[in-house]
>>> print(open('final.txt').read())   # compact mmCIF, C-alpha atoms
# COMPACT_ATOMS: atom_id res chain seq x y z
CA MET A 1 -13.52 21.50 -13.22
CA GLY A 2 -14.76 20.20 -9.86
CA ALA A 3 -15.27 16.68 -11.24
CA ILE A 4 -11.74 16.64 -12.68
CA LYS A 5 -10.28 17.85 -9.38
CA GLN A 6 -12.24 15.25 -7.45
CA PHE A 7 -11.06 12.48 -9.79
CA ILE A 8 -7.42 13.55 -9.40
CA LYS A 9 -7.68 13.69 -5.59
CA SER A 10 -9.36 10.29 -5.46
CA ASN A 11 -6.43 8.72 -7.36
CA ASN A 12 -3.54 8.72 -4.88
CA VAL A 13 -0.80 7.90 -7.41
CA LEU A 14 -1.97 10.50 -9.93
CA PHE A 15 -2.48 13.14 -7.24
CA SER A 16 0.96 12.54 -5.72
CA THR A 17 2.67 12.60 -9.14
CA LEU A 18 1.02 15.85 -10.19
CA LYS A 19 1.68 17.48 -6.82
CA SER A 20 5.34 16.42 -6.93
CA GLY A 21 5.69 17.82 -10.46
CA LEU A 22 4.15 21.11 -9.36
CA LEU A 23 6.57 21.21 -6.41
CA TYR A 24 9.63 21.10 -8.68
CA ALA A 25 8.16 23.44 -11.29
CA ARG A 26 7.20 26.01 -8.66
CA PHE A 27 10.64 25.73 -7.05
CA ILE A 28 12.34 26.67 -10.32
CA LYS A 29 9.99 29.63 -10.77
CA SER A 30 10.61 30.78 -7.19
CA LEU A 31 14.34 31.15 -7.84
CA PHE A 32 13.52 34.30 -9.78
CA GLU A 33 11.15 35.71 -7.13
CA LYS A 34 11.86 37.80 -4.05
CA ASP A 35 11.82 36.16 -0.64
CA ASN A 36 8.87 37.60 1.33
CA TYR A 37 10.86 37.72 4.58
CA LYS A 38 14.27 38.74 3.24
CA ASP A 39 14.27 42.17 4.90
CA LEU A 40 13.20 41.05 8.38
CA GLN A 41 15.60 41.33 11.30
CA ARG A 42 17.49 38.10 12.10
CA MET A 43 17.85 37.25 15.78
CA THR A 44 21.09 35.92 17.26
CA LYS A 45 20.95 32.20 18.02
CA ASP A 46 23.02 30.84 20.91
CA ASP A 47 23.39 27.49 22.70
CA ILE A 48 21.68 25.36 20.08
CA ILE A 49 21.20 21.69 20.93
CA VAL A 50 20.40 19.24 18.13
CA ILE A 51 18.91 15.82 18.90
CA LYS A 52 19.61 13.49 15.99
CA GLU A 53 20.98 10.05 15.15
CA ASN A 54 22.17 8.65 11.84
CA GLY A 55 19.64 6.30 10.25
CA TYR A 56 16.80 7.50 12.49
CA HIS A 57 14.14 10.16 12.61
CA CYS A 58 14.16 11.93 15.97
CA TYR A 59 11.20 14.24 16.51
CA PHE A 60 8.51 15.22 19.01
CA GLY A 61 5.18 16.03 17.41
CA TYR A 62 2.65 18.79 17.93
CA TYR A 63 3.18 22.43 18.90
CA ASP A 64 0.88 22.65 21.93
CA LYS A 65 3.05 20.56 24.26
CA SER A 66 6.63 20.97 25.50
CA PRO A 67 9.20 18.19 24.96
CA ILE A 68 11.28 19.68 27.79
CA ASN A 69 10.44 19.03 31.44
CA GLU A 70 9.91 21.76 34.00
CA SER A 71 13.51 21.86 35.25
CA ASP A 72 14.95 21.93 31.70
CA GLU A 73 16.90 18.76 32.52
CA TYR A 74 15.39 16.38 29.97
CA ALA A 75 13.81 16.46 26.53
CA THR A 76 11.62 13.63 25.34
CA PHE A 77 11.42 12.54 21.71
CA LEU A 78 10.36 9.74 19.40
CA ARG A 79 13.04 7.77 17.55
CA ILE A 80 12.20 5.60 14.55
CA LYS A 81 14.28 4.14 11.76
CA VAL A 82 14.34 6.00 8.46
CA GLY A 83 12.01 4.22 6.03
CA SER A 84 9.63 3.02 8.73
CA LYS A 85 5.96 2.59 7.91
CA ALA A 86 2.74 2.55 9.91
CA LYS A 87 2.70 -0.04 12.72
CA ASP A 88 6.51 -0.21 12.90
CA VAL A 89 7.92 0.15 16.42
CA ALA A 90 9.16 3.56 17.56
CA ASP A 91 11.26 4.21 20.66
CA VAL A 92 10.10 6.72 23.27
CA CYS A 93 13.31 8.39 24.46
CA ILE A 94 14.65 11.08 26.75
CA MET A 95 17.89 13.03 26.46
CA ASN A 96 19.70 14.62 29.38
CA LEU A 97 20.35 18.08 27.96
CA ALA A 98 23.55 18.53 29.97
CA SER A 99 25.26 15.17 29.38
CA LYS A 100 23.50 14.40 26.03
CA GLU A 101 22.88 10.86 27.31
CA VAL A 102 19.89 9.16 25.63
CA LYS A 103 17.68 6.64 27.39
CA ILE A 104 14.82 4.56 25.92
CA ILE A 105 11.84 4.55 28.29
CA GLY A 106 9.20 2.84 26.13
CA HIS A 107 8.00 1.69 22.71
CA THR A 108 4.90 2.34 20.63
CA THR A 109 3.34 1.47 17.28
CA THR A 110 0.81 4.31 17.47
CA TRP A 111 2.66 7.25 16.00
CA ASN A 112 2.26 9.62 13.09
CA TRP A 113 4.43 12.25 11.46
CA GLN A 114 2.52 15.30 12.69
CA GLN A 115 1.75 14.53 16.33
CA GLY A 116 4.09 11.66 17.18
CA CYS A 117 2.49 9.53 19.91
CA MET A 118 1.24 12.53 21.92
CA MET A 119 4.18 12.47 24.34
CA GLN A 120 3.85 14.99 27.17
CA TRP A 121 5.18 15.60 30.65
CA ILE A 122 2.71 14.89 33.46
CA ASP A 123 5.18 16.04 36.11
CA GLU A 124 8.93 16.44 36.43
CA ASN A 125 9.60 12.72 35.99
CA THR A 126 6.50 11.25 34.33
CA ILE A 127 5.82 11.03 30.62
CA SER A 128 2.50 10.16 29.00
CA TYR A 129 2.35 8.60 25.54
CA ASN A 130 -0.11 6.62 23.40
CA CYS A 131 0.08 2.91 22.53
CA PHE A 132 -1.85 0.08 20.93
CA ASP A 133 -2.43 -2.85 23.27
CA GLU A 134 -2.48 -6.05 21.17
CA PRO A 135 -4.00 -8.42 23.79
CA THR A 136 -7.09 -6.24 24.19
CA ASN A 137 -7.05 -4.74 20.66
CA LEU A 138 -7.46 -1.27 22.17
CA TYR A 139 -5.73 2.09 22.15
CA ILE A 140 -4.31 2.97 25.55
CA THR A 141 -2.30 5.67 27.30
CA LYS A 142 0.85 4.87 29.30
CA TRP A 143 2.44 6.87 32.10
CA VAL A 144 6.11 6.05 32.61
CA ASP A 145 8.41 7.28 35.37
CA ILE A 146 11.75 8.10 33.69
CA ASN A 147 13.70 6.99 36.78
CA GLY A 148 11.86 3.68 37.12
CA SER A 149 10.95 4.48 40.71
CA GLU A 150 7.18 4.34 40.11
CA PRO A 151 5.26 1.49 38.42
CA GLU A 152 4.01 2.04 34.89
CA ARG A 153 0.34 3.06 34.67
CA GLN A 154 -2.09 2.34 31.83
CA PHE A 155 -5.39 4.00 30.96
CA CYS A 156 -8.10 3.05 28.49
CA LYS A 157 -8.26 5.16 25.31
CA SER A 158 -5.39 7.21 23.90
CA ALA A 159 -4.99 10.76 25.16
CA TYR A 160 -5.36 13.76 22.91
CA SER A 161 -5.41 16.59 25.45
CA TYR A 162 -5.31 16.75 29.27
CA ASN A 163 -7.05 19.09 31.65
CA SER A 164 -4.91 21.39 33.80
CA ASP A 165 -4.30 18.98 36.70
CA HIS A 166 -3.99 15.80 34.57
CA THR A 167 -6.95 14.08 36.19
CA ARG A 168 -8.89 13.85 32.90
CA PHE A 169 -8.14 13.72 29.22
CA VAL A 170 -10.16 13.88 26.03
CA SER A 171 -9.74 11.37 23.23
CA LEU A 172 -10.81 10.99 19.59
CA ASN A 173 -11.21 8.18 17.09
CA PHE A 174 -7.59 7.99 15.91
CA TYR A 175 -8.48 5.52 13.16
CA ARG A 176 -10.96 7.99 11.67
CA LEU A 177 -8.17 10.57 11.70
CA ASP A 178 -5.90 8.09 9.94
CA LEU A 179 -8.49 7.72 7.19
CA TYR A 180 -9.45 11.36 6.65
CA ALA A 181 -6.58 13.41 8.14
CA LYS A 182 -3.41 11.55 7.21
CA GLY A 183 -0.54 12.28 9.54
CA TYR A 184 -2.80 12.71 12.59
CA GLY A 185 -4.18 9.24 13.31
CA TYR A 186 -3.22 5.64 14.01
CA PRO A 187 -3.73 2.65 11.68
CA TYR A 188 -5.65 0.20 13.87
CA PRO A 189 -9.45 -0.02 13.22
CA VAL A 190 -10.36 -0.14 16.89
CA ASP A 191 -13.25 2.26 17.53
CA ASP A 192 -16.82 2.14 16.27
CA MET A 193 -17.12 4.21 13.07
CA SER A 194 -20.85 4.95 13.36
CA THR A 195 -21.43 8.66 13.95
CA GLU A 196 -23.73 7.88 16.91
CA LYS A 197 -20.98 6.00 18.79
CA ASP A 198 -17.98 8.04 17.66
CA GLY A 199 -16.97 11.55 18.71
CA VAL A 200 -15.16 13.11 21.67
CA TRP A 201 -14.45 10.88 24.66
CA GLU A 202 -13.40 11.90 28.16
CA ASN A 203 -11.40 9.70 30.52
CA ASN A 204 -11.43 9.97 34.29
CA LEU A 205 -7.94 8.87 35.35
CA GLN A 206 -8.86 8.42 39.01
CA ASN A 207 -11.06 5.40 38.24
CA ASN A 208 -9.85 4.72 34.66
CA THR A 209 -13.28 5.07 33.08
CA SER A 210 -14.26 6.57 29.75
CA GLN A 211 -17.48 8.15 28.49
CA LEU A 212 -18.62 9.57 25.17
CA LEU A 213 -18.99 13.28 25.84
CA LEU A 214 -20.26 14.28 22.45
CA SER A 215 -21.10 12.12 19.46
CA LEU A 216 -20.02 12.97 15.94
CA LYS A 217 -23.70 12.82 14.98
CA ASN A 218 -24.48 15.54 17.56
CA VAL A 219 -21.77 17.68 16.01
CA ILE A 220 -22.95 17.09 12.44
CA ASP A 221 -26.57 17.85 13.39
CA PHE A 222 -25.63 21.06 15.23
CA ASN A 223 -26.51 24.05 12.99
CA ALA A 224 -26.41 21.53 10.16
CA LYS A 225 -25.45 22.45 6.61
CA ASP A 226 -25.85 20.71 3.27
CA TYR A 227 -23.11 18.24 4.10
CA TYR A 228 -24.70 14.97 5.17
CA ASN A 229 -23.05 13.03 2.33
CA CYS A 230 -19.58 14.34 3.23
CA GLN A 231 -16.84 12.70 5.28
CA HIS A 232 -16.70 14.31 8.73
CA TYR A 233 -14.15 14.23 11.52
CA ILE A 234 -13.19 16.07 14.71
CA ASN A 235 -9.64 17.20 15.40
CA HIS A 236 -7.56 19.55 17.58
CA VAL A 237 -9.64 19.15 20.71
CA ALA A 238 -8.55 20.90 23.90
CA TYR A 239 -9.88 21.95 27.28
CA THR A 240 -10.52 25.61 27.94
CA PRO A 241 -8.09 27.05 30.54
CA ASP A 242 -10.75 26.79 33.28
CA ASP A 243 -11.47 23.13 32.33
CA ASP A 244 -15.20 23.88 32.15
CA ALA A 245 -15.49 23.29 28.40
CA ILE A 246 -13.71 21.90 25.37
CA ILE A 247 -13.11 23.41 21.96
CA PHE A 248 -12.42 21.52 18.75
CA ILE A 249 -12.38 21.78 14.97
CA HIS A 250 -15.14 20.06 12.98
CA ARG A 251 -14.06 19.35 9.40
CA TRP A 252 -15.82 17.86 6.40
CA GLN A 253 -14.81 17.19 2.81
CA VAL A 254 -16.91 18.75 0.08
CA LYS A 255 -17.20 17.98 -3.64
CA GLY A 256 -13.84 18.52 -5.30
CA GLY A 257 -11.90 17.24 -2.30
CA GLU A 258 -11.62 20.50 -0.36
CA PHE A 259 -12.05 20.56 3.42
CA VAL A 260 -14.31 23.03 5.20
CA SER A 261 -13.96 23.64 8.92
CA ARG A 262 -15.52 25.41 11.88
CA LEU A 263 -14.48 25.92 15.50
CA LEU A 264 -16.95 24.73 18.14
CA HIS A 265 -17.26 25.04 21.92
CA TYR A 266 -18.90 22.44 24.19
CA ASP A 267 -19.79 23.36 27.78
CA LEU A 268 -19.15 20.38 30.05
CA LYS A 269 -21.69 21.59 32.64
CA THR A 270 -24.63 22.68 30.50
CA LYS A 271 -23.90 20.09 27.75
CA LYS A 272 -24.49 22.76 25.12
CA LEU A 273 -22.65 23.35 21.85
CA LYS A 274 -21.90 26.78 20.48
CA THR A 275 -20.16 28.08 17.38
CA LEU A 276 -16.99 30.11 17.88
CA PHE A 277 -15.94 30.51 14.26
CA ASP A 278 -17.64 29.45 11.06
CA ASN A 279 -16.39 31.18 7.92
CA GLY A 280 -15.38 27.97 6.15
CA HIS A 281 -11.74 27.91 7.25
CA VAL A 282 -10.14 27.74 10.68
CA SER A 283 -6.74 26.25 11.34
CA HIS A 284 -4.30 26.40 14.27
CA TYR A 285 -5.08 28.13 17.55
CA CYS A 286 -3.67 28.82 21.01
CA TRP A 287 -4.90 30.51 24.17
CA LYS A 288 -3.88 34.08 24.99
CA ASP A 289 -5.84 34.12 28.24
CA HIS A 290 -8.93 32.45 29.69
CA ASN A 291 -11.25 34.28 27.33
CA THR A 292 -9.16 34.93 24.22
CA LEU A 293 -7.95 32.66 21.45
CA LEU A 294 -5.35 33.41 18.80
CA ILE A 295 -6.32 31.58 15.61
CA PHE A 296 -5.30 31.45 11.98
CA ALA A 297 -8.47 31.55 9.93
CA THR A 298 -10.49 33.32 7.26
CA ASP A 299 -12.64 36.15 8.60
CA SER A 300 -16.09 37.28 7.46
CA ASN A 301 -14.45 39.64 4.93
CA ASN A 302 -12.58 36.71 3.36
CA ARG A 303 -9.23 37.84 4.77
CA LYS A 304 -6.82 35.14 5.94
CA GLY A 305 -4.54 35.80 8.86
CA TYR A 306 -3.93 35.57 12.59
CA MET A 307 -6.72 37.03 14.65
CA GLU A 308 -7.80 37.20 18.26
CA LEU A 309 -11.20 35.70 19.04
CA SER A 310 -12.97 36.80 22.21
CA LEU A 311 -15.09 34.12 23.88
CA THR A 312 -16.79 36.88 25.88
CA ASP A 313 -18.49 38.65 22.98
CA ASP A 314 -17.47 36.52 19.94
CA SER A 315 -15.63 39.48 18.39
CA THR A 316 -12.50 39.05 16.26
CA LYS A 317 -9.50 41.33 15.69
CA MET A 318 -6.88 40.77 13.00
CA ILE A 319 -3.30 40.99 14.31
CA ASP A 320 -1.29 43.22 11.99
CA GLY A 321 2.38 42.36 11.54
CA LEU A 322 2.08 38.59 11.78
CA PRO A 323 2.46 36.48 8.61
CA THR A 324 -0.59 36.12 6.41
CA GLU A 325 0.21 32.45 5.87
CA ASP A 326 -0.68 29.58 8.18
CA GLY A 327 1.56 28.51 11.03
CA HIS A 328 1.55 27.12 14.57
CA PRO A 329 1.25 29.96 17.11
CA SER A 330 1.80 30.16 20.86
CA TYR A 331 2.29 32.98 23.36
CA SER A 332 5.16 33.32 25.80
CA ASN A 333 4.10 33.18 29.44
CA ASN A 334 4.33 36.97 29.78
CA LEU A 335 2.50 37.52 26.45
CA HIS A 336 5.41 39.59 25.12
CA TRP A 337 6.18 37.17 22.29
CA ILE A 338 4.17 35.15 19.81
CA LEU A 339 6.11 32.18 18.49
CA THR A 340 5.07 30.84 15.09
CA ASP A 341 6.38 29.40 11.84
CA THR A 342 5.58 28.77 8.18
CA TYR A 343 5.16 25.75 5.98
CA PRO A 344 7.91 25.28 3.36
CA SER A 345 7.93 28.06 0.78
CA TRP A 346 8.25 27.27 -2.92
CA LYS A 347 11.98 27.71 -2.30
CA ARG A 348 11.60 24.94 0.33
CA TYR A 349 12.45 27.15 3.30
CA GLN A 350 10.55 27.14 6.59
CA TYR A 351 10.72 30.23 8.78
CA LEU A 352 10.73 30.35 12.56
CA PHE A 353 9.44 33.68 13.89
CA LEU A 354 9.18 35.64 17.10
CA PHE A 355 6.65 38.47 17.01
CA ASP A 356 7.07 41.30 19.55
CA THR A 357 3.52 42.10 20.69
CA THR A 358 4.63 45.51 22.02
CA THR A 359 6.55 46.86 19.01
CA LYS A 360 4.64 44.75 16.45
CA GLU A 361 7.96 43.63 14.95
CA LEU A 362 8.26 40.24 13.27
CA LYS A 363 11.74 38.76 13.71
CA VAL A 364 13.35 35.66 12.19
CA LEU A 365 14.84 33.20 14.66
CA ASP A 366 15.80 30.69 11.96
CA LYS A 367 15.34 29.69 8.34
CA LEU A 368 15.41 25.93 7.74
CA TRP A 369 15.65 23.93 4.53
CA SER A 370 13.06 21.23 3.85
CA PRO A 371 14.13 18.55 1.30
CA PHE A 372 11.68 17.86 -1.53
CA ARG A 373 10.76 14.40 -0.30
CA TYR A 374 9.09 15.82 2.80
CA PHE A 375 5.69 16.87 1.54
CA ASN A 376 2.09 15.64 1.67
CA ASP A 377 1.48 13.20 4.55
CA GLU A 378 5.19 12.84 5.36
CA ARG A 379 5.91 16.56 5.58
CA CYS A 380 7.77 17.81 8.64
CA ASP A 381 6.20 20.90 10.16
CA LEU A 382 8.44 22.86 12.54
CA HIS A 383 5.70 22.85 15.21
CA PRO A 384 7.59 25.37 17.40
CA ARG A 385 7.18 24.96 21.16
CA TRP A 386 8.23 26.89 24.23
CA SER A 387 9.81 25.14 27.17
CA MET A 388 7.63 25.49 30.26
CA ASP A 389 9.79 28.30 31.64
CA ASN A 390 10.16 29.94 28.19
CA GLN A 391 13.96 29.62 28.32
CA TYR A 392 14.06 27.41 25.22
CA ILE A 393 12.30 26.95 21.90
CA CYS A 394 12.20 23.55 20.21
CA VAL A 395 11.34 22.60 16.61
CA ASP A 396 11.20 19.47 14.48
CA ASN A 397 13.03 19.90 11.17
CA THR A 398 14.57 18.01 8.21
CA GLN A 399 17.46 20.30 7.34
CA SER A 400 19.96 17.47 7.85
CA GLY A 401 18.01 15.18 5.50
CA PHE A 402 16.02 13.40 8.20
CA ARG A 403 13.94 14.50 11.18
CA SER A 404 15.77 15.97 14.13
CA LEU A 405 14.98 18.25 17.07
CA LYS A 406 16.58 21.65 17.33
CA ILE A 407 16.52 23.40 20.70
CA TYR A 408 17.34 27.13 20.86
CA LYS A 409 18.16 29.20 23.87
CA VAL A 410 15.68 32.08 23.72
CA PRO A 411 17.52 35.35 22.86
CA LYS A 412 17.48 38.05 25.52
>>> encode(input="final.txt", output="structure tokens")
Amino acid sequence: MGAIKQFIKSNNVLFSTLKSGLLYARFIKSLFEKDNYKDLQRMTKDDIIVIKENGYHCYFGYYDKSPINESDEYATFLRIKVGSKAKDVADVCIMNLASKEVKIIGHTTTWNWQQGCMMQWIDENTISYNCFDEPTNLYITKWVDINGSEPERQFCKSAYSYNSDHTRFVSLNFYRLDLYAKGYGYPYPVDDMSTEKDGVWENNLQNNTSQLLLSLKNVIDFNAKDYYNCQHYINHVAYTPDDDAIIFIHRWQVKGGEFVSRLLHYDLKTKKLKTLFDNGHVSHYCWKDHNTLLIFATDSNNRKGYMELSLTDDSTKMIDGLPTEDGHPSYSNNLHWILTDTYPSWKRYQYLFLFDTTTKELKVLDKLWSPFRYFNDERCDLHPRWSMDNQYICVDNTQSGFRSLKIYKVPK
């Protein structure tokens, strides 16, 4: 069975056709099944802003960054024509949330459907985003002042995640991600693909220098398994809240096409790796506090769900009341709410949830339709995000038939 599965997954046309057929067949079957979240309380939605434009996809990207600046005056988003392919030009835009005026502040050909071009606010008026620089044949990061009052700045490498004061960022091989994690990388074969010279890079923005912090070979050799003939990559790298370490997911593809993953920690001072989670499956995570992660993973008892992981003693605790299916979690600033979502159900609905950490109640903020054509690499995850002051929640969605941003005023 494994050989058949591997053959199907290695044939893109066959795999896509079979998966599409299953999608429609499972949808028909689901019409006669009960909705898992039908009985949950629905929250009142007020002051919804939708950022969209006919003939274009308008979206932001990943769930760990806010598209809205600190004063809630502007939202940034990526705009690209419907039907665009890799290497086509996308517009980096901002919208004034009061006047709804849209302004283009830049362009990029390094974008993907899951994480956009890693747009993020550096301060009230400065946006960072990733680009490909043709003259040098390199990935770069641009900082643009939305008012045009400061000169544009450029840095070597493309940013994945910044430290707390935006003086450093970590970067990955985005071409490797494009090969092995479709929807997360960029299509230009820029970086060295040897495991000794690839891995996690750190940039010092004060002198615009870059160094290889940790090679992919170091990661593969750390507590090594029987996986040396597998395809490996690193993804979802982030600084710890104290900026003294980084955490990331190491994934590899085993026979049959399945991916296995573990969560690792690398101390920037001692230069030592340590395992945080290694039960074969770890997905999305967020920080609760300096020493606690909330992750969706499979625990040592083979239970899947959201759990808290303590970096102090490596203990885990399953969070009862949250969905038992994967999503993109984040805490409100006061830790009262956990914001998360679901992938499209067989009925093609995506749920947006708020979980009350005090009462343990799971509440539905919205239920959004996902058209059939948005699956596989071109799927549109909601990737829910808080505004910096937690007054708004923003999601990407395809309910209108193309990607748009929906911004909700957080219910009182």
>>> atom_distance(input="final.txt", atom1="atom CA of A:Lys65", atom2="atom CA of A:His281")
23.7 Å
>>> closest_residue(input="final.txt", among="A:Ile249, A:Leu40, A:Cys58, A:Ile220", to="A:Lys81", atoms="all atoms listed in the file")
A:Cys58
>>> residues_near_point(input="final.txt", point="(-11.5, 7.8, 16.0)", cutoff="12 Å", atoms="only C-alpha atoms", output="ChimeraX atom specification")
/A:138-139,157-160,170-181,184-195,197-201,212,215-216,232-235
>>> residues_around(input="final.txt", residues="A:Glu53", least_positions_apart="3", cutoff="10 Å", atoms="all atoms listed in the file", output="ChimeraX atom specification")
/A:50,56-58,79-81,402-404
>>> closest_residue(input="final.txt", among="A:Val254, A:Thr270, A:Cys131, A:Thr398", to="A:Phe375", atoms="all atoms listed in the file")
A:Thr398
>>> residues_around(input="final.txt", residues="A:Ile122", least_positions_apart="4", cutoff="12 Å", atoms="only C-alpha atoms", output="VMD selection string")
chain A and resid 65 to 70 118 126 to 129 142 to 146 161 to 169
>>> closest_atom_pairs(input="final.txt", of="stretch 290-345 of chain A", to="stretch 350-354 of chain A", cutoff="10 Å", atoms="all atoms listed in the file", output="JSON lines")
{"residue": "A:Leu322", "atom": "CA", "partner": "A:Phe353", "partner_atom": "CA", "distance": 9.1}
{"residue": "A:Pro323", "atom": "CA", "partner": "A:Phe353", "partner_atom": "CA", "distance": 9.2}
{"residue": "A:Gly327", "atom": "CA", "partner": "A:Leu352", "partner_atom": "CA", "distance": 9.5}
{"residue": "A:His328", "atom": "CA", "partner": "A:Leu352", "partner_atom": "CA", "distance": 9.9}
{"residue": "A:Pro329", "atom": "CA", "partner": "A:Phe353", "partner_atom": "CA", "distance": 9.6}
{"residue": "A:Ser330", "atom": "CA", "partner": "A:Leu354", "partner_atom": "CA", "distance": 9.9}
{"residue": "A:Tyr331", "atom": "CA", "partner": "A:Leu354", "partner_atom": "CA", "distance": 9.7}
{"residue": "A:Ser332", "atom": "CA", "partner": "A:Leu354", "partner_atom": "CA", "distance": 9.9}
{"residue": "A:His336", "atom": "CA", "partner": "A:Leu354", "partner_atom": "CA", "distance": 9.7}
{"residue": "A:Trp337", "atom": "CA", "partner": "A:Leu354", "partner_atom": "CA", "distance": 6.2}
{"residue": "A:Ile338", "atom": "CA", "partner": "A:Leu354", "partner_atom": "CA", "distance": 5.7}
{"residue": "A:Leu339", "atom": "CA", "partner": "A:Leu354", "partner_atom": "CA", "distance": 4.8}
{"residue": "A:Thr340", "atom": "CA", "partner": "A:Phe353", "partner_atom": "CA", "distance": 5.3}
{"residue": "A:Asp341", "atom": "CA", "partner": "A:Leu352", "partner_atom": "CA", "distance": 4.5}
{"residue": "A:Thr342", "atom": "CA", "partner": "A:Tyr351", "partner_atom": "CA", "distance": 5.4}
{"residue": "A:Tyr343", "atom": "CA", "partner": "A:Gln350", "partner_atom": "CA", "distance": 5.6}
{"residue": "A:Pro344", "atom": "CA", "partner": "A:Gln350", "partner_atom": "CA", "distance": 4.6}
{"residue": "A:Ser345", "atom": "CA", "partner": "A:Gln350", "partner_atom": "CA", "distance": 6.4}
>>> atom_distance(input="final.txt", atom1="atom CA of A:Gln154", atom2="atom CA of A:Thr141")
5.6 Å
>>> residues_near_point(input="final.txt", point="(16.6, 23.1, 30.3)", cutoff="8 Å", atoms="only C-alpha atoms", output="number ranges by chain")
A: 68-74, 97, 387, 391-392
>>> atom_distance(input="final.txt", atom1="atom CA of A:Ile48", atom2="atom CA of A:Leu405")
10.2 Å
>>> closest_residue(input="final.txt", among="A:Asp366, A:Asn125, A:Glu325, A:Phe60", to="A:Glu150", atoms="only C-alpha atoms")
A:Asn125
>>> residues_around(input="final.txt", residues="A:His383", least_positions_apart="2", cutoff="7 Å", atoms="only C-alpha atoms", output="list of chain:residue names")
A:Tyr62, A:Tyr63, A:His328, A:Asp381, A:Arg385, A:Val395, A:Asp396
>>> closest_residue(input="final.txt", among="A:Ile319, A:Ala224, A:Leu273, A:Leu78", to="A:Phe248", atoms="all atoms listed in the file")
A:Leu273
>>> closest_residue(input="final.txt", among="A:Ala98, A:Met388, A:Thr324, A:Asp64", to="A:His236", atoms="all atoms listed in the file")
A:Asp64
>>> closest_residue(input="final.txt", among="A:Lys217, A:Lys52, A:Lys360, A:Lys34", to="A:Asn397", atoms="all atoms listed in the file")
A:Lys52
>>> axis_aligned_box(input="final.txt", around="stretch 278-282 of chain A", padding_each_side="5 Å", output="JSON")
{"center_x": -13.9, "center_y": 29.5, "center_z": 8.6, "size_x": 17.5, "size_y": 13.4, "size_z": 14.9}
>>> build_atoms(input="final.txt", residues="stretch 199-212 of chain A", atoms="N, CA and C atoms", output="CSV table (one decimal), in the coordinates of the input")
chain,number,residue,atom,x,y,z
A,199,GLY,N,-17.0,10.1,18.4
A,199,GLY,CA,-17.0,11.6,18.7
A,199,GLY,C,-15.8,11.9,19.6
A,200,VAL,N,-16.1,12.7,20.7
A,200,VAL,CA,-15.2,13.1,21.7
A,200,VAL,C,-15.4,12.3,22.9
A,201,TRP,N,-14.4,11.7,23.4
A,201,TRP,CA,-14.4,10.9,24.7
A,201,TRP,C,-13.7,11.6,25.8
A,202,GLU,N,-14.1,11.4,27.0
A,202,GLU,CA,-13.4,11.9,28.2
A,202,GLU,C,-13.1,10.8,29.1
A,203,ASN,N,-11.8,10.7,29.6
A,203,ASN,CA,-11.4,9.7,30.5
A,203,ASN,C,-11.2,10.3,31.9
A,204,ASN,N,-11.7,9.6,32.9
A,204,ASN,CA,-11.4,10.0,34.3
A,204,ASN,C,-10.3,9.1,34.8
A,205,LEU,N,-9.1,9.7,35.0
A,205,LEU,CA,-7.9,8.9,35.4
A,205,LEU,C,-8.0,8.3,36.8
A,206,GLN,N,-8.8,8.9,37.6
A,206,GLN,CA,-8.9,8.4,39.0
A,206,GLN,C,-9.5,7.0,39.1
A,207,ASN,N,-10.5,6.7,38.2
A,207,ASN,CA,-11.1,5.4,38.2
A,207,ASN,C,-10.9,4.7,36.9
A,208,ASN,N,-10.1,5.3,36.0
A,208,ASN,CA,-9.8,4.7,34.7
A,208,ASN,C,-11.1,4.3,33.9
A,209,THR,N,-12.0,5.3,33.8
A,209,THR,CA,-13.3,5.1,33.1
A,209,THR,C,-13.4,6.1,31.9
A,210,SER,N,-14.1,5.7,30.9
A,210,SER,CA,-14.3,6.6,29.8
A,210,SER,C,-15.7,6.7,29.4
A,211,GLN,N,-16.1,7.9,28.9
A,211,GLN,CA,-17.5,8.2,28.5
A,211,GLN,C,-17.5,9.0,27.2
A,212,LEU,N,-18.5,8.8,26.4
A,212,LEU,CA,-18.6,9.6,25.2
A,212,LEU,C,-19.3,10.9,25.6
